[in-house]
Structure formats: structure tokens, C-alpha cells
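File shown: upload-v7.pdb. Contents: PDB, C-alpha atoms.
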```pdb
ATOM      1  CA  MET S   5     -77.372  10.171  28.823
ATOM      2  CA  ALA S   6     -75.059  12.536  30.696
ATOM      3  CA  ARG S   7     -76.644  14.503  33.509
ATOM      4  CA  LEU S   8     -77.439  18.211  33.211
ATOM      5  CA  GLU S   9     -77.384  19.711  36.686
ATOM      6  CA  PRO S  10     -77.873  23.192  38.135
ATOM      7  CA  ALA S  11     -74.723  24.775  39.542
ATOM      8  CA  SER S  12     -74.037  27.177  42.361
ATOM      9  CA  ALA S  13     -74.632  30.822  41.512
ATOM     10  CA  ASP S  14     -71.215  31.533  43.063
ATOM     11  CA  LEU S  15     -69.521  30.036  39.992
ATOM     12  CA  LEU S  16     -70.971  32.679  37.687
ATOM     13  CA  PRO S  17     -72.801  35.400  39.639
ATOM     14  CA  GLY S  18     -75.806  36.935  37.938
ATOM     15  CA  HIS S  19     -76.522  33.873  35.792
ATOM     16  CA  ARG S  20     -78.501  30.644  35.987
ATOM     17  CA  LEU S  21     -75.798  28.081  35.415
ATOM     18  CA  PHE S  22     -76.080  24.430  34.399
ATOM     19  CA  LEU S  23     -73.332  21.830  33.982
ATOM     20  CA  GLN S  24     -73.401  19.031  31.397
ATOM     21  CA  ARG S  25     -71.575  16.293  33.318
ATOM     22  CA  GLU S  26     -69.618  14.377  30.689
ATOM     23  CA  ASP S  27     -67.030  13.669  33.404
ATOM     24  CA  GLU S  28     -69.332  11.153  35.095
ATOM     25  CA  HIS S  29     -68.844   8.430  32.462
ATOM     26  CA  GLU S  30     -66.765   5.437  33.602
ATOM     27  CA  LEU S  31     -63.829   6.718  31.502
ATOM     28  CA  GLY S  32     -64.063  10.145  33.115
ATOM     29  CA  ALA S  33     -64.497  11.995  29.800
ATOM     30  CA  PHE S  34     -66.771  12.441  26.773
ATOM     31  CA  LYS S  35     -64.524  10.845  24.157
ATOM     32  CA  TRP S  36     -66.221   7.432  24.281
ATOM     33  CA  ARG S  37     -69.127   8.900  22.320
ATOM     34  CA  GLY S  38     -67.056   9.389  19.167
ATOM     35  CA  ALA S  39     -64.802   6.353  19.527
ATOM     36  CA  LEU S  40     -67.550   3.708  19.526
ATOM     37  CA  PRO S  41     -69.109   4.494  16.123
ATOM     38  CA  THR S  42     -65.755   5.215  14.500
ATOM     39  CA  LEU S  43     -64.280   1.855  15.498
ATOM     40  CA  GLU S  44     -67.468   0.090  14.497
ATOM     41  CA  ARG S  45     -66.972   1.500  10.993
ATOM     42  CA  TYR S  46     -63.361   0.316  10.939
ATOM     43  CA  ARG S  47     -64.360  -3.174  12.133
ATOM     44  CA  ARG S  48     -67.038  -3.471   9.465
ATOM     45  CA  SER S  49     -64.425  -2.624   6.842
ATOM     46  CA  GLY S  50     -62.363  -5.581   8.027
ATOM     47  CA  ALA S  51     -59.850  -3.941  10.374
ATOM     48  CA  GLU S  52     -58.645  -6.032  13.311
ATOM     49  CA  GLY S  53     -56.972  -3.110  15.039
ATOM     50  CA  VAL S  54     -56.613   0.652  15.052
ATOM     51  CA  VAL S  55     -53.835   3.169  15.653
ATOM     52  CA  THR S  56     -54.324   6.606  17.144
ATOM     53  CA  ALA S  57     -52.477   9.426  18.927
ATOM     54  CA  SER S  58     -53.673  11.116  22.077
ATOM     55  CA  THR S  59     -52.775  13.072  25.183
ATOM     56  CA  GLY S  60     -54.924  10.597  27.102
ATOM     57  CA  ASN S  61     -58.714  10.739  26.995
ATOM     58  CA  HIS S  62     -59.108  10.014  23.276
ATOM     59  CA  GLY S  63     -56.652   7.132  23.532
ATOM     60  CA  ALA S  64     -58.519   5.699  26.515
ATOM     61  CA  ALA S  65     -61.813   5.924  24.637
ATOM     62  CA  THR S  66     -60.231   4.229  21.619
ATOM     63  CA  ALA S  67     -58.897   1.374  23.756
ATOM     64  CA  TRP S  68     -62.262   1.039  25.539
ATOM     65  CA  ALA S  69     -64.155   0.929  22.243
ATOM     66  CA  ALA S  70     -61.622  -1.469  20.712
ATOM     67  CA  ALA S  71     -62.158  -3.935  23.554
ATOM     68  CA  ARG S  72     -65.887  -3.848  22.895
ATOM     69  CA  HIS S  73     -65.358  -4.505  19.197
ATOM     70  CA  GLY S  74     -62.715  -7.219  19.697
ATOM     71  CA  MET S  75     -59.931  -5.092  18.195
ATOM     72  CA  ARG S  76     -56.420  -4.112  19.270
ATOM     73  CA  ALA S  77     -55.604  -0.467  19.949
ATOM     74  CA  VAL S  78     -52.148   1.066  19.492
ATOM     75  CA  VAL S  79     -51.940   4.513  21.091
ATOM     76  CA  PHE S  80     -49.093   6.973  20.529
ATOM     77  CA  VAL S  81     -48.736   9.567  23.298
ATOM     78  CA  PRO S  82     -46.310  12.501  23.628
ATOM     79  CA  ASP S  83     -43.545  12.776  26.195
ATOM     80  CA  GLY S  84     -44.826  14.153  29.473
ATOM     81  CA  ALA S  85     -48.347  12.797  29.055
ATOM     82  CA  SER S  86     -50.502  12.735  32.182
ATOM     83  CA  ALA S  87     -49.575   9.856  34.486
ATOM     84  CA  ALA S  88     -53.227   9.416  35.428
ATOM     85  CA  LYS S  89     -54.208   9.072  31.784
ATOM     86  CA  LEU S  90     -51.304   6.727  31.003
ATOM     87  CA  ASP S  91     -52.401   4.514  33.882
ATOM     88  CA  LEU S  92     -55.959   4.462  32.518
ATOM     89  CA  LEU S  93     -54.679   3.578  29.039
ATOM     90  CA  GLY S  94     -52.698   0.684  30.445
ATOM     91  CA  ARG S  95     -55.641  -0.663  32.432
ATOM     92  CA  LEU S  96     -57.779  -0.559  29.295
ATOM     93  CA  GLY S  97     -55.309  -2.727  27.388
ATOM     94  CA  ALA S  98     -53.871  -0.158  24.970
ATOM     95  CA  GLU S  99     -50.516  -0.888  23.340
ATOM     96  CA  LEU S 100     -48.675   2.289  24.312
ATOM     97  CA  VAL S 101     -45.937   4.014  22.344
ATOM     98  CA  VAL S 102     -44.539   7.035  24.187
ATOM     99  CA  GLY S 103     -42.496   9.686  22.385
ATOM    100  CA  GLY S 104     -42.591  13.049  20.692
ATOM    101  CA  ALA S 105     -42.409  16.651  21.823
ATOM    102  CA  ASP S 106     -46.166  17.159  21.579
ATOM    103  CA  LEU S 107     -49.372  15.561  20.340
ATOM    104  CA  ASP S 108     -48.803  16.492  16.716
ATOM    105  CA  VAL S 109     -45.370  14.837  16.667
ATOM    106  CA  ALA S 110     -46.884  11.713  18.232
ATOM    107  CA  LYS S 111     -49.663  11.866  15.655
ATOM    108  CA  ALA S 112     -47.193  11.849  12.774
ATOM    109  CA  ALA S 113     -45.420   8.829  14.251
ATOM    110  CA  GLY S 114     -48.716   7.040  14.761
ATOM    111  CA  ALA S 115     -49.849   7.686  11.200
ATOM    112  CA  ALA S 116     -46.558   6.306   9.861
ATOM    113  CA  TYR S 117     -46.916   3.184  12.025
ATOM    114  CA  ALA S 118     -50.482   2.649  10.837
ATOM    115  CA  ASP S 119     -49.411   2.919   7.225
ATOM    116  CA  GLU S 120     -46.530   0.490   7.734
ATOM    117  CA  HIS S 121     -48.751  -2.085   9.452
ATOM    118  CA  HIS S 122     -51.791  -1.611   7.189
ATOM    119  CA  LEU S 123     -54.055  -0.452  10.008
ATOM    120  CA  PRO S 124     -56.517   2.456  10.008
ATOM    121  CA  PHE S 125     -55.290   5.623  11.702
ATOM    122  CA  PHE S 126     -57.994   7.209  13.862
ATOM    123  CA  GLU S 127     -57.207  10.930  13.799
ATOM    124  CA  ASP S 128     -59.133  12.542  16.616
ATOM    125  CA  GLY S 129     -61.225  15.383  15.228
ATOM    126  CA  ALA S 130     -61.108  14.286  11.601
ATOM    127  CA  GLU S 131     -63.896  11.690  11.642
ATOM    128  CA  ARG S 132     -67.453  12.736  10.802
ATOM    129  CA  ALA S 133     -68.721   9.876  12.971
ATOM    130  CA  GLN S 134     -67.359  11.812  15.955
ATOM    131  CA  PHE S 135     -69.247  14.964  15.001
ATOM    132  CA  GLU S 136     -72.481  13.005  14.688
ATOM    133  CA  ALA S 137     -71.946  11.249  18.013
ATOM    134  CA  TYR S 138     -71.206  14.477  19.882
ATOM    135  CA  ALA S 139     -74.408  15.984  18.488
ATOM    136  CA  ALA S 140     -76.289  13.804  20.986
ATOM    137  CA  ILE S 141     -74.951  16.055  23.756
ATOM    138  CA  ALA S 142     -76.946  18.963  22.328
ATOM    139  CA  ASP S 143     -80.057  16.801  22.281
ATOM    140  CA  GLU S 144     -79.494  15.872  25.927
ATOM    141  CA  ILE S 145     -79.017  19.496  26.966
ATOM    142  CA  VAL S 146     -82.203  20.681  25.258
ATOM    143  CA  THR S 147     -84.184  17.713  26.589
ATOM    144  CA  GLN S 148     -83.061  18.154  30.199
ATOM    145  CA  ALA S 149     -82.923  21.940  30.514
ATOM    146  CA  PRO S 150     -85.919  23.405  32.381
ATOM    147  CA  ASP S 151     -85.731  26.380  30.021
ATOM    148  CA  LEU S 152     -83.806  26.737  26.790
ATOM    149  CA  PRO S 153     -80.339  28.116  27.614
ATOM    150  CA  GLY S 154     -79.173  31.335  26.050
ATOM    151  CA  ALA S 155     -75.612  30.056  25.528
ATOM    152  CA  VAL S 156     -73.606  26.840  25.640
ATOM    153  CA  LEU S 157     -69.839  27.007  26.206
ATOM    154  CA  VAL S 158     -67.656  24.174  24.914
ATOM    155  CA  PRO S 159     -63.913  23.564  25.473
ATOM    156  CA  VAL S 160     -61.977  23.458  22.191
ATOM    157  CA  GLY S 161     -58.996  21.229  21.481
ATOM    158  CA  ASN S 162     -59.262  19.900  17.936
ATOM    159  CA  GLY S 163     -62.795  21.311  17.619
ATOM    160  CA  ALA S 164     -64.748  18.072  17.098
ATOM    161  CA  LEU S 165     -66.852  18.465  20.250
ATOM    162  CA  LEU S 166     -67.909  22.002  19.378
ATOM    163  CA  ILE S 167     -68.673  20.925  15.813
ATOM    164  CA  GLY S 168     -70.996  18.183  16.973
ATOM    165  CA  VAL S 169     -72.748  20.150  19.705
ATOM    166  CA  GLY S 170     -72.852  23.433  17.811
ATOM    167  CA  SER S 171     -74.144  21.981  14.557
ATOM    168  CA  ARG S 172     -77.005  20.195  16.301
ATOM    169  CA  LEU S 173     -77.905  23.264  18.362
ATOM    170  CA  ALA S 174     -78.073  25.271  15.136
ATOM    171  CA  GLU S 175     -80.696  22.803  13.913
ATOM    172  CA  ILE S 176     -82.847  22.304  17.009
ATOM    173  CA  ALA S 177     -82.293  25.511  19.016
ATOM    174  CA  PRO S 178     -80.900  28.223  16.729
ATOM    175  CA  SER S 179     -81.373  30.954  19.329
ATOM    176  CA  VAL S 180     -78.712  29.392  21.588
ATOM    177  CA  ARG S 181     -75.268  30.980  21.278
ATOM    178  CA  ARG S 182     -72.543  28.414  20.609
ATOM    179  CA  ILE S 183     -69.256  29.525  22.159
ATOM    180  CA  GLY S 184     -65.941  27.718  22.013
ATOM    181  CA  VAL S 185     -63.210  28.212  24.617
ATOM    182  CA  ALA S 186     -59.557  27.651  23.687
ATOM    183  CA  ALA S 187     -56.346  27.988  25.673
ATOM    184  CA  ARG S 188     -54.404  31.145  24.864
ATOM    185  CA  GLU S 189     -51.238  29.025  24.960
ATOM    186  CA  ALA S 190     -52.675  26.617  22.358
ATOM    187  CA  PRO S 191     -54.539  29.038  20.089
ATOM    188  CA  VAL S 192     -54.383  27.382  16.664
ATOM    189  CA  MET S 193     -58.090  26.501  16.439
ATOM    190  CA  SER S 194     -59.149  29.894  17.735
ATOM    191  CA  HIS S 195     -56.900  31.693  15.260
ATOM    192  CA  SER S 196     -57.992  29.414  12.408
ATOM    193  CA  PHE S 197     -61.655  30.014  13.256
ATOM    194  CA  ALA S 198     -61.114  33.776  13.193
ATOM    195  CA  ALA S 199     -59.256  33.596   9.877
ATOM    196  CA  GLY S 200     -61.737  31.189   8.291
ATOM    197  CA  ARG S 201     -58.860  28.944   7.203
ATOM    198  CA  VAL S 202     -56.064  26.861   8.663
ATOM    199  CA  VAL S 203     -53.319  29.028  10.148
ATOM    200  CA  GLU S 204     -49.975  27.917  11.531
ATOM    201  CA  SER S 205     -49.035  28.215  15.184
ATOM    202  CA  GLN S 206     -45.990  27.106  17.157
ATOM    203  CA  ARG S 207     -47.580  27.750  20.570
ATOM    204  CA  CYS S 208     -48.795  24.716  22.491
ATOM    205  CA  ALA S 209     -47.859  25.123  26.145
ATOM    206  CA  THR S 210     -51.073  24.687  28.112
ATOM    207  CA  PHE S 211     -51.419  22.513  31.215
ATOM    208  CA  ALA S 212     -54.917  21.660  29.928
ATOM    209  CA  ASP S 213     -53.730  18.737  27.827
ATOM    210  CA  GLY S 214     -57.152  18.190  26.276
ATOM    211  CA  LEU S 215     -56.765  21.596  24.618
ATOM    212  CA  ALA S 216     -53.113  21.097  23.620
ATOM    213  CA  VAL S 217     -53.377  21.142  19.823
ATOM    214  CA  ARG S 218     -50.685  22.813  17.710
ATOM    215  CA  VAL S 219     -51.751  21.839  14.167
ATOM    216  CA  ALA S 220     -55.316  22.516  13.009
ATOM    217  CA  ILE S 221     -57.335  19.852  11.199
ATOM    218  CA  PRO S 222     -58.642  21.371   7.937
ATOM    219  CA  LEU S 223     -62.013  19.587   8.096
ATOM    220  CA  ALA S 224     -62.586  20.843  11.625
ATOM    221  CA  VAL S 225     -61.731  24.429  10.698
ATOM    222  CA  THR S 226     -64.228  24.306   7.823
ATOM    223  CA  GLU S 227     -67.004  22.793   9.946
ATOM    224  CA  LEU S 228     -66.507  25.276  12.780
ATOM    225  CA  GLN S 229     -67.406  28.192  10.524
ATOM    226  CA  THR S 230     -71.065  27.198  10.747
ATOM    227  CA  ALA S 231     -71.018  25.204  13.998
ATOM    228  CA  ALA S 232     -69.826  28.034  16.274
ATOM    229  CA  ASP S 233     -70.832  31.633  16.839
ATOM    230  CA  GLU S 234     -67.635  32.759  18.511
ATOM    231  CA  MET S 235     -64.410  31.639  20.160
ATOM    232  CA  VAL S 236     -62.881  32.865  23.420
ATOM    233  CA  GLU S 237     -59.281  32.394  24.578
ATOM    234  CA  VAL S 238     -58.347  32.044  28.257
ATOM    235  CA  SER S 239     -55.014  32.171  30.065
ATOM    236  CA  GLU S 240     -53.406  29.396  32.084
ATOM    237  CA  ARG S 241     -54.200  31.259  35.294
ATOM    238  CA  GLU S 242     -57.850  31.641  34.298
ATOM    239  CA  LEU S 243     -57.987  27.886  33.661
ATOM    240  CA  ALA S 244     -56.382  27.162  37.046
ATOM    241  CA  LEU S 245     -58.780  29.501  38.844
ATOM    242  CA  ALA S 246     -61.692  27.720  37.193
ATOM    243  CA  VAL S 247     -60.318  24.326  38.283
ATOM    244  CA  GLY S 248     -60.177  25.696  41.832
ATOM    245  CA  ALA S 249     -63.677  27.178  41.698
ATOM    246  CA  LEU S 250     -65.121  23.885  40.515
ATOM    247  CA  ALA S 251     -63.181  22.062  43.238
ATOM    248  CA  ALA S 252     -64.759  24.367  45.820
ATOM    249  CA  ALA S 253     -68.138  23.404  44.353
ATOM    250  CA  GLY S 254     -67.317  19.718  44.799
ATOM    251  CA  LEU S 255     -66.090  18.808  41.297
ATOM    252  CA  ARG S 256     -62.632  17.486  40.505
ATOM    253  CA  VAL S 257     -61.974  18.316  36.842
ATOM    254  CA  GLU S 258     -59.040  18.541  34.466
ATOM    255  CA  GLY S 259     -57.909  21.829  32.979
ATOM    256  CA  SER S 260     -59.693  21.356  29.669
ATOM    257  CA  ALA S 261     -62.997  20.690  31.447
ATOM    258  CA  ALA S 262     -62.622  23.920  33.406
ATOM    259  CA  ALA S 263     -62.201  25.902  30.185
ATOM    260  CA  SER S 264     -65.937  26.387  29.774
ATOM    261  CA  LEU S 265     -66.181  28.094  33.173
ATOM    262  CA  ALA S 266     -63.024  30.126  32.548
ATOM    263  CA  GLY S 267     -64.481  31.320  29.241
ATOM    264  CA  ALA S 268     -67.844  32.156  30.785
ATOM    265  CA  ARG S 269     -66.152  34.248  33.465
ATOM    266  CA  ALA S 270     -64.084  36.071  30.849
ATOM    267  CA  ILE S 271     -67.188  37.232  28.958
ATOM    268  CA  ALA S 272     -69.765  37.138  31.784
ATOM    269  CA  ASP S 273     -70.911  40.702  31.140
ATOM    270  CA  ARG S 274     -72.163  39.794  27.678
ATOM    271  CA  LEU S 275     -73.609  36.357  28.364
ATOM    272  CA  PRO S 276     -77.379  35.755  28.582
ATOM    273  CA  GLU S 277     -78.922  34.745  31.888
ATOM    274  CA  ARG S 278     -79.168  30.974  31.280
ATOM    275  CA  VAL S 279     -75.812  29.336  30.519
ATOM    276  CA  VAL S 280     -74.715  25.710  30.069
ATOM    277  CA  LEU S 281     -71.090  24.669  30.542
ATOM    278  CA  LEU S 282     -69.749  21.380  29.193
ATOM    279  CA  ILE S 283     -67.697  19.619  31.865
ATOM    280  CA  THR S 284     -65.696  17.338  29.626
ATOM    281  CA  GLY S 285     -63.423  15.269  31.877
ATOM    282  CA  ARG S 286     -61.954  14.548  35.297
ATOM    283  CA  ASN S 287     -58.653  12.786  34.493
ATOM    284  CA  ILE S 288     -55.914  14.949  35.949
ATOM    285  CA  ASP S 289     -52.712  14.165  37.854
ATOM    286  CA  GLU S 290     -53.011  14.774  41.596
ATOM    287  CA  GLN S 291     -49.990  17.099  41.799
ATOM    288  CA  LEU S 292     -51.209  19.256  38.914
ATOM    289  CA  TRP S 293     -54.728  19.429  40.327
ATOM    290  CA  ARG S 294     -53.458  20.488  43.735
ATOM    291  CA  ARG S 295     -51.262  23.157  42.197
ATOM    292  CA  ALA S 296     -54.231  24.595  40.291
ATOM    293  CA  VAL S 297     -56.444  24.529  43.378
ATOM    294  CA  GLU S 298     -53.904  25.779  45.919
ATOM    295  CA  ARG S 299     -51.579  27.972  43.827
ATOM    296  CA  PRO S 300     -53.404  29.308  40.762
ATOM    297  CA  GLY S 301     -51.099  32.327  40.792
ATOM    298  CA  SER S 302     -48.204  30.044  39.848
ATOM    299  CA  PHE S 303     -49.678  29.765  36.346
ATOM    300  CA  PRO S 304     -49.052  32.545  33.802
ATOM    301  CA  GLY S 305     -51.809  35.115  33.588
TER     302      GLY S 305
END
```

How would this structure read if it were set down as C-alpha cells?
Amino acid sequence: MARLEPASADLLPGHRLFLQREDEHELGAFKWRGALPTLERYRRSGAEGVVTASTGNHGAATAWAAARHGMRAVVFVPDGASAAKLDLLGRLGAELVVGGADLDVAKAAGAAYADEHHLPFFEDGAERAQFEAYAAIADEIVTQAPDLPGAVLVPVGNGALLIGVGSRLAEIAPSVRRIGVAAREAPVMSHSFAAGRVVESQRCATFADGLAVRVAIPLAVTELQTAADEMVEVSERELALAVGALAAAGLRVEGSAAASLAGARAIADRLPERVVLLITGRNIDEQLWRRAVERPGSFPG
């Protein structure tokens, strides 16, 4: 169970703030929750390996889960992927294939490789086993919170995390507002949510690589219509400022993990008193982290 902890009032003045610490897992991110059951299903169907594409955390979770199931993991990553995450992937035994302008290009290459080698392709965000696994986070929040929160804010990349958490909250605590936070420079899931259908976007230029999705997954867009109440977009500078604020509070987090705080600050005047932020991961390159902490103004506003 991930820890739910109270946070300094300085992070979000006028609110009682709690942090769901998914960053404290040994992998430094929440993705292990969805990878374990998905790979178990593949193994039971007879697969000896799995192929996936990732900017880092999902690939690491896939390699970690594969090792536990006695499977091989082939992970396609885009050019310019985080050095810290590539190092983690290597230490976990992933077979790395680097190439492609962004995650969606790497994903296409990975899917083609999987087809050629008769291996399952694990598309992050398109597996219902992930949604079900992430639902446990909602259970943990409700169980640990001293009082039921008024809102839970969740970073949004491909949308799977918000689907899992939001759907379970709708069942067990329907009064809680379920708010997704997307990067303004990677807005495809936010725009698709607003439209109620998959929309096209060519923008995917966020330093928060966990949010860097350019092509929406149709299943995720459909599920989000009932899993989420609203979606907020934040700028690169707002993300950097949130990274810095969390650093000042003693937490080293990646840009995607800071999205929940950035979103809460953007709509603070209309949030209820009790707020939970999902802190999704800590795997960030040192140079990028220092830039966000020391020079947030260097990011576009």
C-alpha cells in the first residue's frame, strides 16, 4: 500500500492537502501496479516474452514484472529518453531498442516488432488489467484519509491511471471530484476528453515525459467520459514551479508527478478544502530537475 501523507499548507494555501506517495515504490513510480497483472495474463496464455514502448517508467515496470514472471521484455523508447530511466531499464534487464521522434513512433515500431516475432505487444493504457490495478489506489486513499477528500487530482498521460482511480472513486466515494491534469504541450487526452471522442494533435513537447502522449488511445478516451469529472491543462512553467515547490517540501519528483500540484494551483479558488494529489514518480534526470528547481522561468509559460 502506498502511503497517504499530509502535506505542508504552503503547497496549496487555504486547503488541507494530502499526497499519495506512489513515488516511494522501489521502481520510483506507480506503473508496477498495472504491469504485474497484465504480464501474468500474457504468461498464462503461453507467452515467453513481451514487447512494449515507453518513455521510461512503464518500460521499467514491464521489465520488473517480466523478471518476476520469468519472461523477457523488449522495450522500445524514443530518441532523447531520460538517461535516468534508461539506466533503470538496463539494470532491470530490459532489451532496449532506442529510436523514433516520440513515444508514438516508438510504439509503432514496437508493435511491428511484436507482430514479426509473434510476441504480445503491451500497449500502455490499452489494457483493462491496468485500469483494475490502478483502482486499488482509490481504495488506499479512502482507507487512509482521516476525512473523505473533496477532490483527487491525477496526472494524465495516456489516461489509464485516471481511469482506474476515477472509476473506483465513482463507486465508493461518488462525492469526490475526479480531476485529471494534462500538459498544455501534450494536450491530446485533454482535448479528446472535452470532445468526447478521439481528436488528433501534433503537439507533444513537454519536459514531463510521463505526460508526453501525442496519439490518444480510443479505449481510454471512452472510459474517461465516466471516470473523470474534469480535465485541467498546465504550462511547462507551471509544471517546473510545482517541481520546485515539492523540492522545497523535501520531495524530488519528475515533471509528470508534479502535474497534480500544478493543476491544483491553477484551479485552487474552486477546489474544496480537502485535496489529494497523486505523486506518481521520482525518476528524473539530475540536470532537468535542477533546471526546474533553480530556473523555472526558463520553461515556457

Counting all atoms listed in the file, which residues of range 45-143 of chain S fall within 10 Å of range 167-189 of chain S, and what is the closest atom pair for each with its distance in Å at one decimal, ordered by chain and rising number, as a Markdown table?
```
| residue | atom | partner | partner_atom | distance |
| --- | --- | --- | --- | --- |
| S:Gly129 | CA | S:Ile167 | CA | 9.3 |
| S:Arg132 | CA | S:Gly168 | CA | 9.0 |
| S:Ala133 | CA | S:Gly168 | CA | 9.5 |
| S:Gln134 | CA | S:Gly168 | CA | 7.4 |
| S:Phe135 | CA | S:Gly168 | CA | 4.2 |
| S:Glu136 | CA | S:Gly168 | CA | 5.9 |
| S:Ala137 | CA | S:Gly168 | CA | 7.1 |
| S:Tyr138 | CA | S:Gly168 | CA | 4.7 |
| S:Ala139 | CA | S:Gly168 | CA | 4.3 |
| S:Ala140 | CA | S:Val169 | CA | 7.4 |
| S:Ile141 | CA | S:Val169 | CA | 6.2 |
| S:Ala142 | CA | S:Val169 | CA | 5.1 |
| S:Asp143 | CA | S:Arg172 | CA | 7.5 |
```

Surrounding residues of range 219-224 of chain S excluding itself and chain neighbours under 5 positions, 12 Å, all atoms listed in the file, as a CSV table (one decimal) with C-alpha atoms, in the coordinates of the input:
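Final output, saved to around36.csv:
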```csv
chain,number,residue,atom,x,y,z
S,106,ASP,CA,-46.2,17.2,21.6
S,107,LEU,CA,-49.4,15.6,20.3
S,108,ASP,CA,-48.8,16.5,16.7
S,109,VAL,CA,-45.4,14.8,16.7
S,110,ALA,CA,-46.9,11.7,18.2
S,111,LYS,CA,-49.7,11.9,15.7
S,112,ALA,CA,-47.2,11.8,12.8
S,127,GLU,CA,-57.2,10.9,13.8
S,128,ASP,CA,-59.1,12.5,16.6
S,129,GLY,CA,-61.2,15.4,15.2
S,130,ALA,CA,-61.1,14.3,11.6
S,131,GLU,CA,-63.9,11.7,11.6
S,132,ARG,CA,-67.5,12.7,10.8
S,134,GLN,CA,-67.4,11.8,16.0
S,135,PHE,CA,-69.2,15.0,15.0
S,160,VAL,CA,-62.0,23.5,22.2
S,161,GLY,CA,-59.0,21.2,21.5
S,162,ASN,CA,-59.3,19.9,17.9
S,163,GLY,CA,-62.8,21.3,17.6
S,164,ALA,CA,-64.7,18.1,17.1
S,165,LEU,CA,-66.9,18.5,20.2
S,166,LEU,CA,-67.9,22.0,19.4
S,167,ILE,CA,-68.7,20.9,15.8
S,168,GLY,CA,-71.0,18.2,17.0
S,171,SER,CA,-74.1,22.0,14.6
S,190,ALA,CA,-52.7,26.6,22.4
S,191,PRO,CA,-54.5,29.0,20.1
S,192,VAL,CA,-54.4,27.4,16.7
S,193,MET,CA,-58.1,26.5,16.4
S,194,SER,CA,-59.1,29.9,17.7
S,195,HIS,CA,-56.9,31.7,15.3
S,196,SER,CA,-58.0,29.4,12.4
S,197,PHE,CA,-61.7,30.0,13.3
S,200,GLY,CA,-61.7,31.2,8.3
S,201,ARG,CA,-58.9,28.9,7.2
S,202,VAL,CA,-56.1,26.9,8.7
S,203,VAL,CA,-53.3,29.0,10.1
S,204,GLU,CA,-50.0,27.9,11.5
S,205,SER,CA,-49.0,28.2,15.2
S,206,GLN,CA,-46.0,27.1,17.2
S,207,ARG,CA,-47.6,27.8,20.6
S,208,CYS,CA,-48.8,24.7,22.5
S,229,GLN,CA,-67.4,28.2,10.5
S,230,THR,CA,-71.1,27.2,10.7
S,231,ALA,CA,-71.0,25.2,14.0
S,232,ALA,CA,-69.8,28.0,16.3
```

What are the nearest atom pairs, with distances in Å to one decimal, for all residues of range 121-237 of chain S that come at most 8 Å from range 253-267 of chain S, using all atoms listed in the file, set out by chain and rising residue number as a Markdown table?
```
| residue | atom | partner | partner_atom | distance |
| --- | --- | --- | --- | --- |
| S:Leu157 | CA | S:Ser264 | CA | 5.3 |
| S:Val158 | CA | S:Ser264 | CA | 5.6 |
| S:Pro159 | CA | S:Ser264 | CA | 5.5 |
| S:Gly184 | CA | S:Ser264 | CA | 7.9 |
| S:Val185 | CA | S:Gly267 | CA | 5.7 |
| S:Ala186 | CA | S:Ala263 | CA | 7.2 |
| S:Ala187 | CA | S:Ala263 | CA | 7.7 |
| S:Phe211 | CA | S:Gly259 | CA | 6.8 |
| S:Ala212 | CA | S:Gly259 | CA | 4.3 |
| S:Asp213 | CA | S:Ser260 | CA | 6.8 |
| S:Gly214 | CA | S:Ser260 | CA | 5.3 |
| S:Leu215 | CA | S:Ser260 | CA | 5.8 |
| S:Val236 | CA | S:Gly267 | CA | 6.2 |
| S:Glu237 | CA | S:Gly267 | CA | 7.1 |
```

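Using only C-alpha atoms, the residues found no farther than 9 Å from Ala113 in chain S, other than those of its own chain fewer than 5 positions away, are Ala57, Phe80, Gly103, Gly104, Asp108 and Ala118 of chain S.
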
How big is the axis-aligned box around all listed atoms of range 90-105 of chain S once 4 Å goes on each side, and where's its centre, in Å to one decimal, as lines of an AutoDock Vina configuration file?
```
center_x = -50.1
center_y = 7.0
center_z = 27.3
size_x = 23.4
size_y = 27.4
size_z = 21.2
```

Closest pair table for range 105-163 of chain S residues within 9 Å of range 273-295 of chain S, all atoms listed in the file, as JSON lines:
```
{"residue": "S:Ile145", "atom": "CA", "partner": "S:Val280", "partner_atom": "CA", "distance": 8.2}
{"residue": "S:Asp151", "atom": "CA", "partner": "S:Arg278", "partner_atom": "CA", "distance": 8.1}
{"residue": "S:Leu152", "atom": "CA", "partner": "S:Arg278", "partner_atom": "CA", "distance": 7.7}
{"residue": "S:Pro153", "atom": "CA", "partner": "S:Arg278", "partner_atom": "CA", "distance": 4.8}
{"residue": "S:Gly154", "atom": "CA", "partner": "S:Arg278", "partner_atom": "CA", "distance": 5.2}
{"residue": "S:Ala155", "atom": "CA", "partner": "S:Val279", "partner_atom": "CA", "distance": 5.0}
{"residue": "S:Val156", "atom": "CA", "partner": "S:Val280", "partner_atom": "CA", "distance": 4.7}
{"residue": "S:Leu157", "atom": "CA", "partner": "S:Leu281", "partner_atom": "CA", "distance": 5.1}
{"residue": "S:Val158", "atom": "CA", "partner": "S:Leu282", "partner_atom": "CA", "distance": 5.5}
{"residue": "S:Pro159", "atom": "CA", "partner": "S:Leu282", "partner_atom": "CA", "distance": 7.3}
```

**Request:** Identify which of the residues S:Glu9, S:Glu242, S:Glu298, S:Glu28 lies closest to Arg269 in chain S, counting only C-alpha atoms when measuring atom-to-atom distances.
**Result:**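 Closest residue, counting only C-alpha atoms: S:Glu242.
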
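The spacing separating CA of Leu15 in chain S from CA of Val297 in chain S amounts to 14.6 Å.
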
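Residues matched by the PyMOL selection byres ((chain S and resi 54) around 10) in this structure: Leu43, Tyr46, Arg47, Ala51, Glu52, Gly53, Val55, Thr56, Thr66, Ala67, Ala70, Met75, Arg76, Ala77, Val78, Val79, Ala118, His122, Leu123, Pro124, Phe125 and Phe126 of chain S.
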
**Asked** How many Å lie between CA of Gly38 in chain S and CA of His62 in chain S, rounded to one decimal?
**Response**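 Spanning CA of Gly38 in chain S to CA of His62 in chain S is a straight-line distance of 9.0 Å.
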
Restrict the output to range 160-177 of chain S and C-alpha atoms, then write it as a PDB file, in the first residue's frame.
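In the end it all went to decode.pdb:
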```
ATOM      1  CA  VAL S 160      -2.798  12.344 -17.244  1.00  0.00           C
ATOM      2  CA  GLY S 161      -0.569  10.827 -19.908  1.00  0.00           C
ATOM      3  CA  ASN S 162      -2.469   8.062 -21.681  1.00  0.00           C
ATOM      4  CA  GLY S 163      -5.289   8.286 -19.117  1.00  0.00           C
ATOM      5  CA  ALA S 164      -5.092   4.779 -17.621  1.00  0.00           C
ATOM      6  CA  LEU S 165      -4.275   5.987 -14.101  1.00  0.00           C
ATOM      7  CA  LEU S 166      -7.190   8.411 -14.010  1.00  0.00           C
ATOM      8  CA  ILE S 167      -9.497   5.733 -15.411  1.00  0.00           C
ATOM      9  CA  GLY S 168      -8.601   3.302 -12.664  1.00  0.00           C
ATOM     10  CA  VAL S 169      -8.660   5.775  -9.785  1.00  0.00           C
ATOM     11  CA  GLY S 170     -11.632   7.764 -11.045  1.00  0.00           C
ATOM     12  CA  SER S 171     -13.826   4.769 -11.812  1.00  0.00           C
ATOM     13  CA  ARG S 172     -13.296   3.290  -8.355  1.00  0.00           C
ATOM     14  CA  LEU S 173     -13.898   6.630  -6.635  1.00  0.00           C
ATOM     15  CA  ALA S 174     -17.180   6.917  -8.535  1.00  0.00           C
ATOM     16  CA  GLU S 175     -18.204   3.607  -6.965  1.00  0.00           C
ATOM     17  CA  ILE S 176     -17.009   4.007  -3.377  1.00  0.00           C
ATOM     18  CA  ALA S 177     -16.932   7.796  -2.871  1.00  0.00           C
TER      19      ALA S 177
END
```
